[in-house]
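Q: Right, I'll just put the structure down here and ask away after.
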Amino acid sequence: MSEEMIPDVEITSDVVVAEVAEMAEPAVNYSEKNLAELVSCFEALVGNEDRMRMSKEAEALKSAFYKRLQKEKADAGISVETDDNPFASIEAGFKELYNKYRKERAEYNSQLEKEREDNLQKKEAVIADLKALLEKQEDVNATFPEFREIQNRWRAVGPVPAQSYRNINETYQLYVEQFYDMVKINRELRDLDFKKNLEAKEEFCQTAETLAESGNVIDAFRELQKLHEQWKEYGPVAKEFRESIWERFKAATAVINKKYQAHFEGLKEQQADNLAKKTSLCEKVEEIAGREVANSNEWNAFSKEIEDIQKEWKGIGFASKKENQKIYDRFRAACDKFYERKRDFYSEYKDSINANLDKKIALCEAAEELKTSTDWKKATDQFISLQKQWKEIGAVPRKKSDQLWKRFRAACDEFFAERDKNAKPENDYYGNLKAKQRLIEEIKAYELKGDDSDLQAMHDFQKRWQEIGFVPFKEKDNVAKAYKEACAKFPTGRPQRKGRAARPLSEKERLIQKYNALEQDVVTYENNIGFFSMSKSSEPLIKQMQERIAQAKEELKALAEQIRVLTQSEEQE
């Protein structure tokens, strides 16, 4: 193909910029921003010096704003007829900004179109002068300087309307070629013109080759289109250079075009990968949103999972333009479903704790009515029943929890203190306390034998424990805990039948059993913290429970290390 041939499809810089803007994804995902952020983005756009070329971004902002506004109105339950609209101010502010921008852009477009129409008239005038020059047939010394001036005038004129671009340029090129063919220029001037054209086109080649090495393929492609336009503005070169100079320019063009195409192919692959990643995250959220949740601890744990997934989502790039909004809508719907279920749970939870409040108030009243009773045995049994009911009732509002517990505990303490003062010999509570403490020491001193006798001994200890009567009320929790810890070393299960010896526990099994029991204690401690009021009076209890948890976790680490060492030893044997 000759350098002077005009391609079938003319690509202007305006067309290229529009095509790149159409293919490239927006820099910001406006669908994830709130109303205030969208207004700020539009204010920044209006203040941008290049705002007249950012119409697509302006329209994207407008679309995102009204879509977000419609959603938030719907979430707030605001209908069209509602007079009290909290969004009226921000909506009016955005509308004023947008109308101001639209008016300014309309004026800009009108001015731009007028300038292009003026440029078209100027280029038509240049062509008319060139045509008149061809008809003069004067001496070359007079016509050639005038021809050079016409060329300079042509290059100085700016862009024309797109629909006129091809026709006006083809007409100009036709008359330029006719000038070179019809006018008998003397060889010296012609060679000088060829030399200048060759120098200019060599610079174009060098610029195109530099662009071919650029890492910014989008900018390189845009600049290449400008070079092609400038190339056509210059006349021919000497015949012996025409093919070589064109081939050089065409080679650099091919490299840039190939990179440009590869860039968008890679972009498609990346967008497909992003879509796959986002689809996977949608599936995770949908699975979490469908889980059965029993308590607030699980809701908090699942909420943390959702927040981590949302953070991961923000780190993934855009999907294709066709799929990006669809996959975002799917992700948003799954998240909304989860948080809607969470809101419903806490709404029901609030009703539940209010019902629990009524139940505990009733228990306080019952305890206060019973605390003056002197029927010690019957009243003791009734208080034990009330305490059991208290433990079975779930949580109450935090502000009332500590107050109610103090009220209930005060009634219990008053009764049991009076009971202990009036204890009869047959109800020797402090004697029972000493008996239970001696039994605990006996249990601690018992050495496991690793057979059925251990289980039988445990049952005997339990029976003796139950036969001992009540202890002072204030000591019952401590002595019960000490008893539980002493019995922890015994294996669980039924005694085996006679004649079948039980396999003694290995050291590893004993450690695992202890680890499991301690791990369950940690779970219990952590659950109990959730029932304490956050008042100052409950802080010592919370601190004590946290210290127990920390100590238990340290023991768990030590047990885990011992188990690991024993396991390695077994594998080496």
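How things are named: the first chain in the structure tokens is A, the next is B, and so on; residues count from 1 in each chain; ligands count from 1 in the order shown.
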What lies within 6 Å of stretch 188-199 of chain A using only C-alpha atoms, ignoring chain neighbours under 2 positions off, as a list in words?

A: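 Using only C-alpha atoms, the neighbours found are Asn186, Lys201, Glu202, Val237 and Ala238 of chain A.
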
Q: Using the selection just defined, write its residues with all heavy atoms as an mmCIF file, in the first residue's frame.

A:
data_model
loop_
_atom_site.group_PDB
_atom_site.id
_atom_site.type_symbol
_atom_site.label_atom_id
_atom_site.label_comp_id
_atom_site.auth_asym_id
_atom_site.auth_seq_id
_atom_site.Cartn_x
_atom_site.Cartn_y
_atom_site.Cartn_z
ATOM 1 N N ASN A 186 9.879 23.310 -10.993
ATOM 2 C CA ASN A 186 11.254 22.977 -11.374
ATOM 3 C C ASN A 186 11.835 21.984 -10.375
ATOM 4 O O ASN A 186 11.421 21.922 -9.217
ATOM 5 C CB ASN A 186 12.115 24.252 -11.514
ATOM 6 C CG ASN A 186 12.579 24.812 -10.181
ATOM 7 O OD1 ASN A 186 12.656 24.119 -9.183
ATOM 8 N ND2 ASN A 186 12.916 26.098 -10.196
ATOM 9 N N LYS A 201 8.201 13.172 7.892
ATOM 10 C CA LYS A 201 7.656 11.820 8.042
ATOM 11 C C LYS A 201 8.626 10.896 8.778
ATOM 12 O O LYS A 201 8.190 9.959 9.467
ATOM 13 C CB LYS A 201 7.300 11.261 6.667
ATOM 14 C CG LYS A 201 6.105 12.007 6.063
ATOM 15 C CD LYS A 201 5.563 11.361 4.805
ATOM 16 C CE LYS A 201 4.300 12.077 4.341
ATOM 17 N NZ LYS A 201 3.678 11.475 3.168
ATOM 18 N N GLU A 202 9.920 11.155 8.685
ATOM 19 C CA GLU A 202 10.875 10.391 9.490
ATOM 20 C C GLU A 202 10.672 10.686 10.978
ATOM 21 O O GLU A 202 10.787 9.801 11.832
ATOM 22 C CB GLU A 202 12.308 10.732 9.061
ATOM 23 C CG GLU A 202 12.712 10.071 7.760
ATOM 24 C CD GLU A 202 14.103 10.483 7.313
ATOM 25 O OE1 GLU A 202 14.573 11.563 7.770
ATOM 26 O OE2 GLU A 202 14.724 9.743 6.529
ATOM 27 N N VAL A 237 6.927 12.214 -0.751
ATOM 28 C CA VAL A 237 8.385 12.257 -0.700
ATOM 29 C C VAL A 237 8.901 11.740 -2.028
ATOM 30 O O VAL A 237 8.130 11.333 -2.898
ATOM 31 C CB VAL A 237 8.918 11.396 0.459
ATOM 32 C CG1 VAL A 237 8.384 11.911 1.782
ATOM 33 C CG2 VAL A 237 8.555 9.936 0.270
ATOM 34 N N ALA A 238 10.220 11.767 -2.194
ATOM 35 C CA ALA A 238 10.799 11.264 -3.436
ATOM 36 C C ALA A 238 10.369 9.827 -3.670
ATOM 37 O O ALA A 238 10.184 9.054 -2.724
ATOM 38 C CB ALA A 238 12.319 11.367 -3.382
#

Q: Kindly provide the residues of stretch 317-420 of chain A that approach stretch 298-305 of chain A to within 12 Å, each paired with its closest atom pair and their distance in Å to one decimal, based on only C-alpha atoms, listed by chain and increasing number, as CSV.

A:
residue,atom,partner,partner_atom,distance
A:Cys335,CA,A:Ser303,CA,9.8
A:Asp336,CA,A:Ser303,CA,11.8
A:Phe338,CA,A:Ser303,CA,8.5
A:Tyr339,CA,A:Ser303,CA,8.3
A:Glu340,CA,A:Trp299,CA,11.8
A:Arg341,CA,A:Trp299,CA,9.7
A:Lys342,CA,A:Trp299,CA,7.0
A:Arg343,CA,A:Trp299,CA,10.2
A:Asp344,CA,A:Trp299,CA,11.6
A:Phe345,CA,A:Trp299,CA,9.0
A:Tyr346,CA,A:Trp299,CA,9.6
A:Tyr349,CA,A:Trp299,CA,12.0

Q: Store the residues picked out above in a file with C-alpha atoms, as a PDB file, in the first residue's frame.

A:
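Generated output (selection_11.pdb):
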ATOM      1  CA  CYS A 335     -26.087  -9.161  52.190  1.00  0.00           C
ATOM      2  CA  ASP A 336     -29.464  -7.466  52.585  1.00  0.00           C
ATOM      3  CA  PHE A 338     -28.603 -11.603  56.003  1.00  0.00           C
ATOM      4  CA  TYR A 339     -28.992  -8.242  57.744  1.00  0.00           C
ATOM      5  CA  GLU A 340     -32.773  -8.351  57.397  1.00  0.00           C
ATOM      6  CA  ARG A 341     -32.822 -11.738  59.166  1.00  0.00           C
ATOM      7  CA  LYS A 342     -30.499 -10.342  61.829  1.00  0.00           C
ATOM      8  CA  ARG A 343     -32.848  -7.400  62.430  1.00  0.00           C
ATOM      9  CA  ASP A 344     -35.810  -9.790  62.722  1.00  0.00           C
ATOM     10  CA  PHE A 345     -33.886 -11.930  65.223  1.00  0.00           C
ATOM     11  CA  TYR A 346     -33.065  -9.010  67.479  1.00  0.00           C
ATOM     12  CA  TYR A 349     -34.945 -11.257  71.012  1.00  0.00           C
TER      13      TYR A 349
END

Q: Tell me which protein, DNA and RNA residues are within 7 Å of A:Leu130, counting only C-alpha atoms, leaving out same-chain ones fewer than 3 positions away, and put them as a ChimeraX atom specification.

A: /A:126-127,133-134,150,175

Q: Env of stretch 154-163 of chain A: 12 Å cut, atoms = only C-alpha atoms, seq-sep filter 3 positions within chain, self excluded. Answer as a ChimeraX atom specification.

A: /A:10-15,109,112-130,147-151,166-169,172-173,176,226,229-235

Q: Using only C-alpha atoms, tabulate the residues of stretch 395-451 of chain A lying at most 10 Å from any atom of stretch 351-364 of chain A, each with its closest atom pair and that distance in Å to one decimal, by chain and increasing residue number, as JSON lines.

A:
{"residue": "A:Ala395", "atom": "CA", "partner": "A:Ile353", "partner_atom": "CA", "distance": 5.7}
{"residue": "A:Val396", "atom": "CA", "partner": "A:Ile353", "partner_atom": "CA", "distance": 4.5}
{"residue": "A:Pro397", "atom": "CA", "partner": "A:Ile353", "partner_atom": "CA", "distance": 6.2}
{"residue": "A:Arg398", "atom": "CA", "partner": "A:Ile353", "partner_atom": "CA", "distance": 9.5}
{"residue": "A:Lys400", "atom": "CA", "partner": "A:Leu357", "partner_atom": "CA", "distance": 8.0}
{"residue": "A:Ser401", "atom": "CA", "partner": "A:Leu357", "partner_atom": "CA", "distance": 8.4}
{"residue": "A:Leu404", "atom": "CA", "partner": "A:Ile361", "partner_atom": "CA", "distance": 7.2}
{"residue": "A:Trp405", "atom": "CA", "partner": "A:Cys364", "partner_atom": "CA", "distance": 8.6}
{"residue": "A:Lys406", "atom": "CA", "partner": "A:Cys364", "partner_atom": "CA", "distance": 9.6}
{"residue": "A:Arg407", "atom": "CA", "partner": "A:Cys364", "partner_atom": "CA", "distance": 6.6}
{"residue": "A:Phe408", "atom": "CA", "partner": "A:Cys364", "partner_atom": "CA", "distance": 4.9}
{"residue": "A:Arg409", "atom": "CA", "partner": "A:Cys364", "partner_atom": "CA", "distance": 8.6}
{"residue": "A:Ala410", "atom": "CA", "partner": "A:Cys364", "partner_atom": "CA", "distance": 9.4}
{"residue": "A:Ala411", "atom": "CA", "partner": "A:Cys364", "partner_atom": "CA", "distance": 7.6}
{"residue": "A:Cys412", "atom": "CA", "partner": "A:Cys364", "partner_atom": "CA", "distance": 9.4}

Q: Where does DSSP see helix (DSSP H, G or I) in stretch 52-243 of chain A, if you list the residues as a PyMOL selection string?

A: chain A and resi 52-53+55-76+88-136+140-156+162-182+187-212+217-233+239-243

Q: Which residues are near A:Arg330? Cut-off 9 Å, only C-alpha atoms, ignore same chain within fewer than 4 positions. Put them as a PyMOL selection string.

A: chain A and resi 279+282+325-326+334-335

Q: Interatomic distance between atom CA of A:Lys67 and atom CA of A:Ala44?

A: 20.0 Å

Q: Counting only C-alpha atoms, which of A:Ile316, A:Ile443, A:Ala289, A:Ala552 gets nearest to A:Ala333?

A: A:Ala289

Q: Mind checking which residues fall within 12 Å of A:Arg438, counting only C-alpha atoms, ignoring those fewer than 5 positions away in the same chain, and posting them as an mmCIF file with all heavy atoms, in the first residue's frame?

A:
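File written: result.cif
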data_model
loop_
_atom_site.group_PDB
_atom_site.id
_atom_site.type_symbol
_atom_site.label_atom_id
_atom_site.label_comp_id
_atom_site.auth_asym_id
_atom_site.auth_seq_id
_atom_site.Cartn_x
_atom_site.Cartn_y
_atom_site.Cartn_z
ATOM 1 N N GLY A 431 -21.277 -28.367 110.080
ATOM 2 C CA GLY A 431 -20.774 -29.739 110.194
ATOM 3 C C GLY A 431 -20.822 -30.435 108.839
ATOM 4 O O GLY A 431 -19.916 -31.181 108.470
ATOM 5 N N ASN A 432 -21.911 -30.178 108.092
ATOM 6 C CA ASN A 432 -22.016 -30.749 106.735
ATOM 7 C C ASN A 432 -20.912 -30.212 105.835
ATOM 8 O O ASN A 432 -20.366 -30.937 104.993
ATOM 9 C CB ASN A 432 -23.375 -30.411 106.135
ATOM 10 C CG ASN A 432 -24.516 -31.090 106.872
ATOM 11 O OD1 ASN A 432 -24.300 -32.083 107.587
ATOM 12 N ND2 ASN A 432 -25.728 -30.577 106.724
ATOM 13 N N LEU A 433 -20.602 -28.928 106.018
ATOM 14 C CA LEU A 433 -19.527 -28.331 105.209
ATOM 15 C C LEU A 433 -18.200 -29.041 105.474
ATOM 16 O O LEU A 433 -17.472 -29.400 104.550
ATOM 17 C CB LEU A 433 -19.411 -26.838 105.522
ATOM 18 C CG LEU A 433 -18.238 -26.111 104.854
ATOM 19 C CD1 LEU A 433 -18.353 -26.164 103.332
ATOM 20 C CD2 LEU A 433 -18.165 -24.655 105.330
ATOM 21 N N ILE A 443 -11.316 -37.791 97.995
ATOM 22 C CA ILE A 443 -11.385 -38.009 96.534
ATOM 23 C C ILE A 443 -10.061 -37.625 95.881
ATOM 24 O O ILE A 443 -9.553 -38.329 94.996
ATOM 25 C CB ILE A 443 -12.545 -37.187 95.927
ATOM 26 C CG1 ILE A 443 -13.882 -37.708 96.457
ATOM 27 C CG2 ILE A 443 -12.519 -37.261 94.400
ATOM 28 C CD1 ILE A 443 -15.073 -36.829 96.085
ATOM 29 N N LYS A 444 -9.490 -36.513 96.311
ATOM 30 C CA LYS A 444 -8.214 -36.071 95.742
ATOM 31 C C LYS A 444 -7.110 -37.098 96.005
ATOM 32 O O LYS A 444 -6.229 -37.312 95.163
ATOM 33 C CB LYS A 444 -7.812 -34.733 96.340
ATOM 34 C CG LYS A 444 -8.663 -33.563 95.883
ATOM 35 C CD LYS A 444 -8.167 -32.267 96.525
ATOM 36 C CE LYS A 444 -8.966 -31.072 96.070
ATOM 37 N NZ LYS A 444 -8.504 -29.815 96.722
ATOM 38 N N ALA A 445 -7.173 -37.731 97.177
ATOM 39 C CA ALA A 445 -6.122 -38.679 97.544
ATOM 40 C C ALA A 445 -6.284 -40.024 96.843
ATOM 41 O O ALA A 445 -5.339 -40.822 96.797
ATOM 42 C CB ALA A 445 -6.134 -38.889 99.066
ATOM 43 N N PHE A 461 -18.434 -42.321 95.959
ATOM 44 C CA PHE A 461 -18.197 -40.946 96.402
ATOM 45 C C PHE A 461 -19.443 -40.084 96.155
ATOM 46 O O PHE A 461 -19.821 -39.255 96.980
ATOM 47 C CB PHE A 461 -16.994 -40.336 95.657
ATOM 48 C CG PHE A 461 -15.664 -40.880 96.130
ATOM 49 C CD1 PHE A 461 -14.678 -41.255 95.221
ATOM 50 C CD2 PHE A 461 -15.381 -40.978 97.488
ATOM 51 C CE1 PHE A 461 -13.451 -41.734 95.646
ATOM 52 C CE2 PHE A 461 -14.148 -41.464 97.925
ATOM 53 C CZ PHE A 461 -13.188 -41.850 96.995
ATOM 54 N N ARG A 464 -22.129 -40.848 98.760
ATOM 55 C CA ARG A 464 -21.799 -40.275 100.064
ATOM 56 C C ARG A 464 -21.998 -38.751 100.049
ATOM 57 O O ARG A 464 -22.444 -38.163 101.036
ATOM 58 C CB ARG A 464 -20.358 -40.627 100.437
ATOM 59 C CG ARG A 464 -20.162 -42.113 100.775
ATOM 60 C CD ARG A 464 -18.687 -42.467 100.849
ATOM 61 N NE ARG A 464 -17.997 -41.651 101.864
ATOM 62 C CZ ARG A 464 -16.660 -41.636 102.002
ATOM 63 N NH1 ARG A 464 -15.892 -42.371 101.189
ATOM 64 N NH2 ARG A 464 -16.109 -40.890 102.935
ATOM 65 N N TRP A 465 -21.651 -38.151 98.960
ATOM 66 C CA TRP A 465 -21.817 -36.692 98.831
ATOM 67 C C TRP A 465 -23.292 -36.302 98.965
ATOM 68 O O TRP A 465 -23.635 -35.352 99.660
ATOM 69 C CB TRP A 465 -21.259 -36.234 97.476
ATOM 70 C CG TRP A 465 -21.435 -34.769 97.212
ATOM 71 C CD1 TRP A 465 -22.473 -34.154 96.605
ATOM 72 C CD2 TRP A 465 -20.524 -33.724 97.564
ATOM 73 N NE1 TRP A 465 -22.298 -32.818 96.541
ATOM 74 C CE2 TRP A 465 -21.084 -32.512 97.129
ATOM 75 C CE3 TRP A 465 -19.280 -33.695 98.205
ATOM 76 C CZ2 TRP A 465 -20.462 -31.287 97.298
ATOM 77 C CZ3 TRP A 465 -18.652 -32.473 98.373
ATOM 78 C CH2 TRP A 465 -19.242 -31.286 97.931
ATOM 79 N N ILE A 468 -24.838 -36.363 102.516
ATOM 80 C CA ILE A 468 -24.503 -35.271 103.427
ATOM 81 C C ILE A 468 -25.508 -34.141 103.207
ATOM 82 O O ILE A 468 -25.857 -33.802 102.080
ATOM 83 C CB ILE A 468 -23.072 -34.769 103.188
ATOM 84 C CG1 ILE A 468 -22.073 -35.910 103.394
ATOM 85 C CG2 ILE A 468 -22.741 -33.594 104.108
ATOM 86 C CD1 ILE A 468 -20.649 -35.556 103.036
ATOM 87 N N VAL A 479 -17.839 -25.015 97.538
ATOM 88 C CA VAL A 479 -17.642 -26.433 97.844
ATOM 89 C C VAL A 479 -18.086 -27.302 96.675
ATOM 90 O O VAL A 479 -17.492 -28.355 96.396
ATOM 91 C CB VAL A 479 -18.370 -26.813 99.157
ATOM 92 C CG1 VAL A 479 -19.877 -26.957 98.948
ATOM 93 C CG2 VAL A 479 -17.800 -28.115 99.727
ATOM 94 N N ALA A 482 -15.240 -27.233 94.147
ATOM 95 C CA ALA A 482 -14.123 -28.067 94.587
ATOM 96 C C ALA A 482 -14.429 -29.545 94.385
ATOM 97 O O ALA A 482 -13.555 -30.332 93.980
ATOM 98 C CB ALA A 482 -13.818 -27.785 96.056
ATOM 99 N N TYR A 483 -15.663 -29.920 94.635
ATOM 100 C CA TYR A 483 -16.075 -31.318 94.426
ATOM 101 C C TYR A 483 -15.993 -31.701 92.944
ATOM 102 O O TYR A 483 -15.483 -32.773 92.585
ATOM 103 C CB TYR A 483 -17.496 -31.507 94.961
ATOM 104 C CG TYR A 483 -18.097 -32.864 94.641
ATOM 105 C CD1 TYR A 483 -17.649 -34.027 95.282
ATOM 106 C CD2 TYR A 483 -19.099 -32.987 93.680
ATOM 107 C CE1 TYR A 483 -18.185 -35.264 94.981
ATOM 108 C CE2 TYR A 483 -19.645 -34.230 93.376
ATOM 109 C CZ TYR A 483 -19.188 -35.364 94.033
ATOM 110 O OH TYR A 483 -19.724 -36.592 93.720
ATOM 111 N N ALA A 486 -12.377 -32.145 91.897
ATOM 112 C CA ALA A 486 -11.787 -33.376 92.441
ATOM 113 C C ALA A 486 -12.233 -34.595 91.658
ATOM 114 O O ALA A 486 -11.469 -35.544 91.451
ATOM 115 C CB ALA A 486 -12.152 -33.514 93.921
#

Q: Which residues are near A:Val471? Cut-off 10 Å, only C-alpha atoms, ignore same chain within fewer than 4 positions. Put them as a PyMOL selection string.

A: chain A and resi 420+427-436+475-477+479

Q: For the selection you just gave me, I'd like the residues written to a file as a PDB file, in the first residue's frame, keeping C-alpha atoms.

A:
ATOM      1  CA  ASP A 420     -28.311 -20.957 109.551  1.00  0.00           C
ATOM      2  CA  ASN A 427     -29.281 -29.562 110.482  1.00  0.00           C
ATOM      3  CA  ASP A 428     -25.659 -28.863 111.278  1.00  0.00           C
ATOM      4  CA  TYR A 429     -24.796 -26.899 108.097  1.00  0.00           C
ATOM      5  CA  TYR A 430     -21.233 -26.122 109.166  1.00  0.00           C
ATOM      6  CA  GLY A 431     -20.774 -29.739 110.194  1.00  0.00           C
ATOM      7  CA  ASN A 432     -22.016 -30.749 106.735  1.00  0.00           C
ATOM      8  CA  LEU A 433     -19.527 -28.331 105.209  1.00  0.00           C
ATOM      9  CA  LYS A 434     -16.647 -29.968 107.071  1.00  0.00           C
ATOM     10  CA  ALA A 435     -17.904 -33.415 106.092  1.00  0.00           C
ATOM     11  CA  LYS A 436     -17.980 -32.461 102.437  1.00  0.00           C
ATOM     12  CA  GLU A 475     -20.330 -21.718 100.867  1.00  0.00           C
ATOM     13  CA  LYS A 476     -22.380 -23.924  98.564  1.00  0.00           C
ATOM     14  CA  ASP A 477     -20.888 -22.629  95.255  1.00  0.00           C
ATOM     15  CA  VAL A 479     -17.642 -26.433  97.844  1.00  0.00           C
TER      16      VAL A 479
END

Q: Calculated over only C-alpha atoms, which of the candidates A:Arg105, A:Lys449, A:Lys95, A:Lys277 has the smallest distance to A:Asp50?

A: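 Smallest distance to A:Asp50 is found for A:Arg105.
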